[in-house]
$ cat start18.cif   # mmCIF, C-alpha atoms
data_final
loop_
_atom_site.label_atom_id
_atom_site.label_comp_id
_atom_site.auth_asym_id
_atom_site.auth_seq_id
_atom_site.Cartn_x
_atom_site.Cartn_y
_atom_site.Cartn_z
CA MET Y 1 -23.09 2.79 4.24
CA SER Y 2 -21.48 0.59 1.59
CA GLN Y 3 -20.29 1.64 -1.82
CA PRO Y 4 -20.94 -0.54 -4.90
CA MET Y 5 -18.72 -3.62 -4.83
CA THR Y 6 -16.63 -4.89 -7.68
CA GLU Y 7 -15.78 -8.55 -8.18
CA PRO Y 8 -12.96 -9.39 -5.73
CA MET Y 9 -9.64 -10.58 -7.06
CA SER Y 10 -8.61 -14.13 -6.28
CA GLU Y 11 -5.37 -15.18 -4.67
CA PRO Y 12 -2.77 -16.04 -7.32
CA THR Y 13 -2.63 -19.75 -8.05
CA PRO Y 14 0.45 -21.95 -7.59
CA GLY Y 15 2.50 -22.41 -10.74
CA ALA Y 16 1.18 -19.19 -12.29
CA GLY Y 17 4.60 -18.12 -13.54
CA SER Y 18 7.98 -16.98 -12.39
CA GLU Y 19 8.84 -15.82 -8.88
CA GLY Y 20 8.59 -12.23 -10.09
CA GLU Y 21 5.15 -12.92 -11.58
CA HIS Y 22 4.06 -14.36 -8.23
CA PHE Y 23 5.23 -11.19 -6.44
CA ALA Y 24 3.37 -9.06 -8.99
CA GLY Y 25 0.23 -11.17 -8.58
CA TYR Y 26 0.25 -11.17 -4.79
CA LEU Y 27 0.93 -7.44 -4.60
CA ALA Y 28 -1.95 -6.79 -7.03
CA TRP Y 29 -4.24 -8.99 -4.94
CA MET Y 30 -3.32 -7.20 -1.69
CA ARG Y 31 -3.73 -3.77 -3.29
CA GLU Y 32 -7.21 -4.67 -4.51
CA GLU Y 33 -8.17 -6.14 -1.12
CA LEU Y 34 -7.27 -2.86 0.59
CA ILE Y 35 -8.98 -0.74 -2.05
CA ALA Y 36 -12.16 -2.85 -1.83
CA GLY Y 37 -12.20 -2.65 1.96
CA VAL Y 38 -11.92 1.14 2.03
CA LEU Y 39 -14.36 1.72 -0.85
CA ARG Y 40 -16.85 -0.58 0.87
CA LEU Y 41 -17.26 2.12 3.53
CA SER Y 42 -19.17 5.37 3.16
CA PRO Y 43 -17.06 8.53 2.76
CA GLU Y 44 -17.85 9.37 6.40
CA GLU Y 45 -16.69 5.95 7.65
CA GLN Y 46 -13.55 6.22 5.50
CA ARG Y 47 -12.56 9.22 7.64
CA THR Y 48 -13.69 7.81 10.99
CA THR Y 49 -11.22 6.19 13.34
CA ARG Y 50 -12.23 3.17 15.37
CA LEU Y 51 -8.85 2.47 16.94
CA ALA Y 52 -6.84 3.91 19.82
CA SER Y 53 -3.98 4.65 17.41
CA GLY Y 54 -6.28 7.07 15.60
CA TRP Y 55 -5.78 6.14 11.94
CA THR Y 56 -8.70 6.11 9.53
CA PRO Y 57 -9.29 3.80 6.54
CA ILE Y 58 -8.55 6.58 4.03
CA GLU Y 59 -5.30 7.33 5.87
CA LEU Y 60 -4.34 3.65 5.62
CA LEU Y 61 -5.02 3.73 1.88
CA SER Y 62 -2.85 6.84 1.52
CA HIS Y 63 -0.13 5.15 3.56
CA VAL Y 64 0.11 2.13 1.25
CA VAL Y 65 0.20 4.42 -1.81
CA HIS Y 66 3.19 6.23 -0.35
CA MET Y 67 4.77 3.11 1.18
CA GLU Y 68 4.92 1.20 -2.11
CA ARG Y 69 6.16 4.22 -4.02
CA ARG Y 70 8.71 5.01 -1.30
CA TRP Y 71 10.23 1.48 -1.26
CA LEU Y 72 10.10 0.62 -4.95
CA VAL Y 73 10.27 3.88 -6.90
CA TRP Y 74 12.17 6.24 -4.59
CA ARG Y 75 14.53 3.70 -3.01
CA PHE Y 76 14.80 0.74 -5.40
CA LEU Y 77 14.71 2.65 -8.70
CA GLY Y 78 16.36 5.71 -7.13
CA GLU Y 79 13.93 8.13 -8.79
CA ASP Y 80 13.12 11.51 -7.34
CA VAL Y 81 9.69 11.59 -5.70
CA ALA Y 82 8.19 14.94 -4.69
CA ASP Y 83 6.75 13.74 -1.37
CA PRO Y 84 8.14 10.33 -0.41
CA ARG Y 85 6.66 10.69 3.09
CA GLY Y 86 3.48 12.46 2.01
CA ASP Y 87 1.40 10.02 4.05
CA TRP Y 88 2.79 11.47 7.31
CA GLN Y 89 1.93 14.82 8.91
CA GLY Y 90 4.55 17.27 7.76
CA GLY Y 91 6.34 14.48 5.87
CA VAL Y 92 7.95 13.18 9.05
CA SER Y 93 7.35 9.63 10.27
CA GLY Y 94 8.05 8.32 13.72
CA GLU Y 95 6.89 8.63 17.27
CA GLY Y 96 4.35 11.40 17.79
CA SER Y 97 3.60 11.64 14.07
CA ARG Y 98 0.55 10.24 12.34
CA TRP Y 99 -0.85 9.70 8.89
CA GLU Y 100 -2.93 12.44 7.28
CA VAL Y 101 -5.04 12.91 4.16
CA ALA Y 102 -6.22 16.30 2.90
CA ALA Y 103 -9.98 16.85 2.98
CA ASP Y 104 -10.17 17.22 -0.81
CA VAL Y 105 -8.53 13.82 -1.46
CA THR Y 106 -11.00 10.96 -1.93
CA ALA Y 107 -10.56 7.24 -1.52
CA GLU Y 108 -11.28 6.91 -5.25
CA ASP Y 109 -8.37 9.30 -5.98
CA LEU Y 110 -6.06 7.21 -3.80
CA ALA Y 111 -7.29 3.94 -5.35
CA SER Y 112 -6.48 5.31 -8.80
CA ARG Y 113 -3.00 6.37 -7.68
CA LEU Y 114 -2.37 2.99 -6.05
CA ARG Y 115 -3.41 1.12 -9.19
CA ALA Y 116 -1.09 3.31 -11.31
CA ILE Y 117 1.84 2.60 -8.99
CA GLY Y 118 0.81 -1.06 -9.00
CA ALA Y 119 0.96 -1.28 -12.79
CA ARG Y 120 4.48 0.09 -12.71
CA VAL Y 121 5.54 -2.21 -9.87
CA SER Y 122 4.04 -5.25 -11.63
CA GLU Y 123 6.14 -4.44 -14.68
CA LEU Y 124 9.19 -4.06 -12.44
CA PHE Y 125 8.71 -7.49 -10.84
CA THR Y 126 8.11 -9.21 -14.17
CA THR Y 127 11.05 -7.64 -16.03
CA VAL Y 128 13.84 -7.04 -13.49
CA PRO Y 129 15.81 -9.94 -11.98
CA LEU Y 130 14.89 -10.33 -8.29
CA GLY Y 131 18.54 -10.30 -7.23
CA THR Y 132 18.96 -6.74 -8.58
CA ARG Y 133 20.19 -4.39 -5.86
CA ALA Y 134 18.39 -1.18 -4.95
CA ALA Y 135 19.76 1.86 -6.79
CA ASN Y 136 19.58 4.19 -3.81
CA LEU Y 137 18.46 3.25 -0.34
CA ARG Y 138 17.92 6.90 0.57
CA ASP Y 139 17.33 7.14 4.32
CA ILE Y 140 17.96 3.48 5.18
CA ASP Y 141 20.77 2.65 7.60
CA GLU Y 142 21.50 -0.72 5.99
CA GLU Y 143 25.11 -1.51 5.14
CA VAL Y 144 24.20 -4.17 2.58
CA PRO Y 145 22.13 -2.94 -0.36
CA LEU Y 146 18.70 -4.53 -0.52
CA ASP Y 147 17.58 -6.50 -3.54
CA LEU Y 148 14.22 -6.60 -5.30
CA ARG Y 149 13.35 -9.98 -3.78
CA TRP Y 150 13.75 -8.67 -0.21
CA LEU Y 151 11.78 -5.54 -1.09
CA GLY Y 152 9.01 -7.69 -2.57
CA PHE Y 153 8.71 -9.69 0.65
CA HIS Y 154 8.87 -6.53 2.76
CA VAL Y 155 6.14 -4.70 0.82
CA LEU Y 156 3.97 -7.81 0.64
CA THR Y 157 4.16 -8.35 4.41
CA GLU Y 158 3.29 -4.71 5.02
CA TYR Y 159 0.24 -5.10 2.77
CA ALA Y 160 -0.82 -8.31 4.53
CA ARG Y 161 -0.50 -6.71 7.97
CA HIS Y 162 -2.51 -3.66 6.93
CA ALA Y 163 -5.16 -5.75 5.17
CA GLY Y 164 -5.76 -7.55 8.47
CA HIS Y 165 -5.99 -4.24 10.30
CA LEU Y 166 -8.49 -2.97 7.76
CA ASP Y 167 -10.61 -6.14 7.96
CA ILE Y 168 -11.11 -5.46 11.67
CA VAL Y 169 -11.92 -1.78 11.14
CA VAL Y 170 -14.48 -2.58 8.42
CA GLU Y 171 -16.09 -5.20 10.67
CA LEU Y 172 -16.32 -2.66 13.52
CA ALA Y 173 -17.79 -0.03 11.19
CA GLU Y 174 -20.38 -2.42 9.75
CA SER Y 175 -21.40 -3.74 13.18
CA SER Y 176 -22.05 -0.21 14.47
CA THR Y 177 -24.75 0.54 11.90
#

$ encode --input "start18.cif" --output "structure tokens"
Amino acid sequence: MSQPMTEPMSEPTPGAGSEGEHFAGYLAWMREELIAGVLRLSPEEQRTTRLASGWTPIELLSHVVHMERRWLVWRFLGEDVADPRGDWQGGVSGEGSRWEVAADVTAEDLASRLRAIGARVSELFTTVPLGTRAANLRDIDEEVPLDLRWLGFHVLTEYARHAGHLDIVVELAESST
């Protein structure tokens, strides 16, 4: 069932740099934890749901690719992104919608995309002051513009939540074989 494992990343150490460097380090660690969890599963298990909500590990990986790009590239930097909600069926999130991944997209493809976004985001956190306001909030109903620090906490908590979800799914998959 399992794919070859790479050496896991370690949690960033205290005193490893600036606040921005800590954000970059923790985001990199969470990205790699999710990638490792999904790649640990066979391609069949990556596309198998084990939860009532119906998502699969590869769909979760696609979601975090789009989530990080949506918050930090599309909203914070204000750049145009072709499919900011490409993780959702029909590009629409919300009740009744679910994540989807095309059959020809592999977990390795998504891992590569996530690492590329991660490199860009790491540079952002290590070069832009954390109090910098988002350029364009796009579809957010907030009256006060969000800053990079808030976005860093938000994205990091989303990663942590999803990493916990994935840990459970991987455990269920491995216990069923």

$ residues_around --input "start18.cif" --residues "range 59-73 of chain Y" --least-positions-apart "3" --cutoff "6 Å" --atoms "only C-alpha atoms" --output "VMD selection string"
chain Y and resid 56 76 to 77 79 84 87 99 to 101 114

$ atom_distance --input "start18.cif" --atom1 "CA of Asp139 in chain Y" --atom2 "CA of Ser93 in chain Y"
11.9 Å

$ residues_around --input "start18.cif" --residues "range 50-55 of chain Y" --least-positions-apart "3" --cutoff "10 Å" --atoms "all atoms listed in the file" --output "ChimeraX atom specification"
/Y:45,47,58-60,98-100,165,168-170,172-173

$ closest_atom_pairs --input "start18.cif" --of "range 79-142 of chain Y" --to "range 14-34 of chain Y" --cutoff "12 Å" --atoms "all atoms listed in the file" --output "tab-separated table"
residue	atom	partner	partner_atom	distance
Y:Ala107	CA	Y:Leu34	CA	10.8
Y:Leu110	CA	Y:Leu34	CA	11.1
Y:Ala111	CA	Y:Glu32	CA	8.7
Y:Ser112	CA	Y:Glu32	CA	10.9
Y:Arg113	CA	Y:Arg31	CA	11.1
Y:Leu114	CA	Y:Arg31	CA	7.4
Y:Arg115	CA	Y:Arg31	CA	7.7
Y:Ala116	CA	Y:Ala28	CA	11.0
Y:Ile117	CA	Y:Arg31	CA	10.2
Y:Gly118	CA	Y:Ala28	CA	6.7
Y:Ala119	CA	Y:Ala28	CA	8.5
Y:Arg120	CA	Y:Ala24	CA	9.9
Y:Val121	CA	Y:Ala24	CA	7.2
Y:Ser122	CA	Y:Ala24	CA	4.7
Y:Glu123	CA	Y:Ala24	CA	7.8
Y:Leu124	CA	Y:Ala24	CA	8.4
Y:Phe125	CA	Y:Gly20	CA	4.8
Y:Thr126	CA	Y:Gly20	CA	5.1
Y:Thr127	CA	Y:Gly20	CA	7.9
Y:Val128	CA	Y:Gly20	CA	8.1
Y:Pro129	CA	Y:Gly20	CA	7.8
Y:Leu130	CA	Y:Gly20	CA	6.8
Y:Gly131	CA	Y:Gly20	CA	10.5
Y:Thr132	CA	Y:Gly20	CA	11.8

$ resolve_selection --input "start18.cif" --expression "the PyMOL selection byres ((chain Y and resi 41) around 10)" --output "list in words"
Met1, Ser2, Gln3, Pro4, Ala36, Gly37, Val38, Leu39, Arg40, Ser42, Pro43, Glu44, Glu45, Gln46, Arg47, Pro57, Ile58, Ala107, Val170, Ala173 and Glu174 of chain Y

$ atom_distance --input "start18.cif" --atom1 "CA of Arg133 in chain Y" --atom2 "CA of Gly152 in chain Y"
12.1 Å
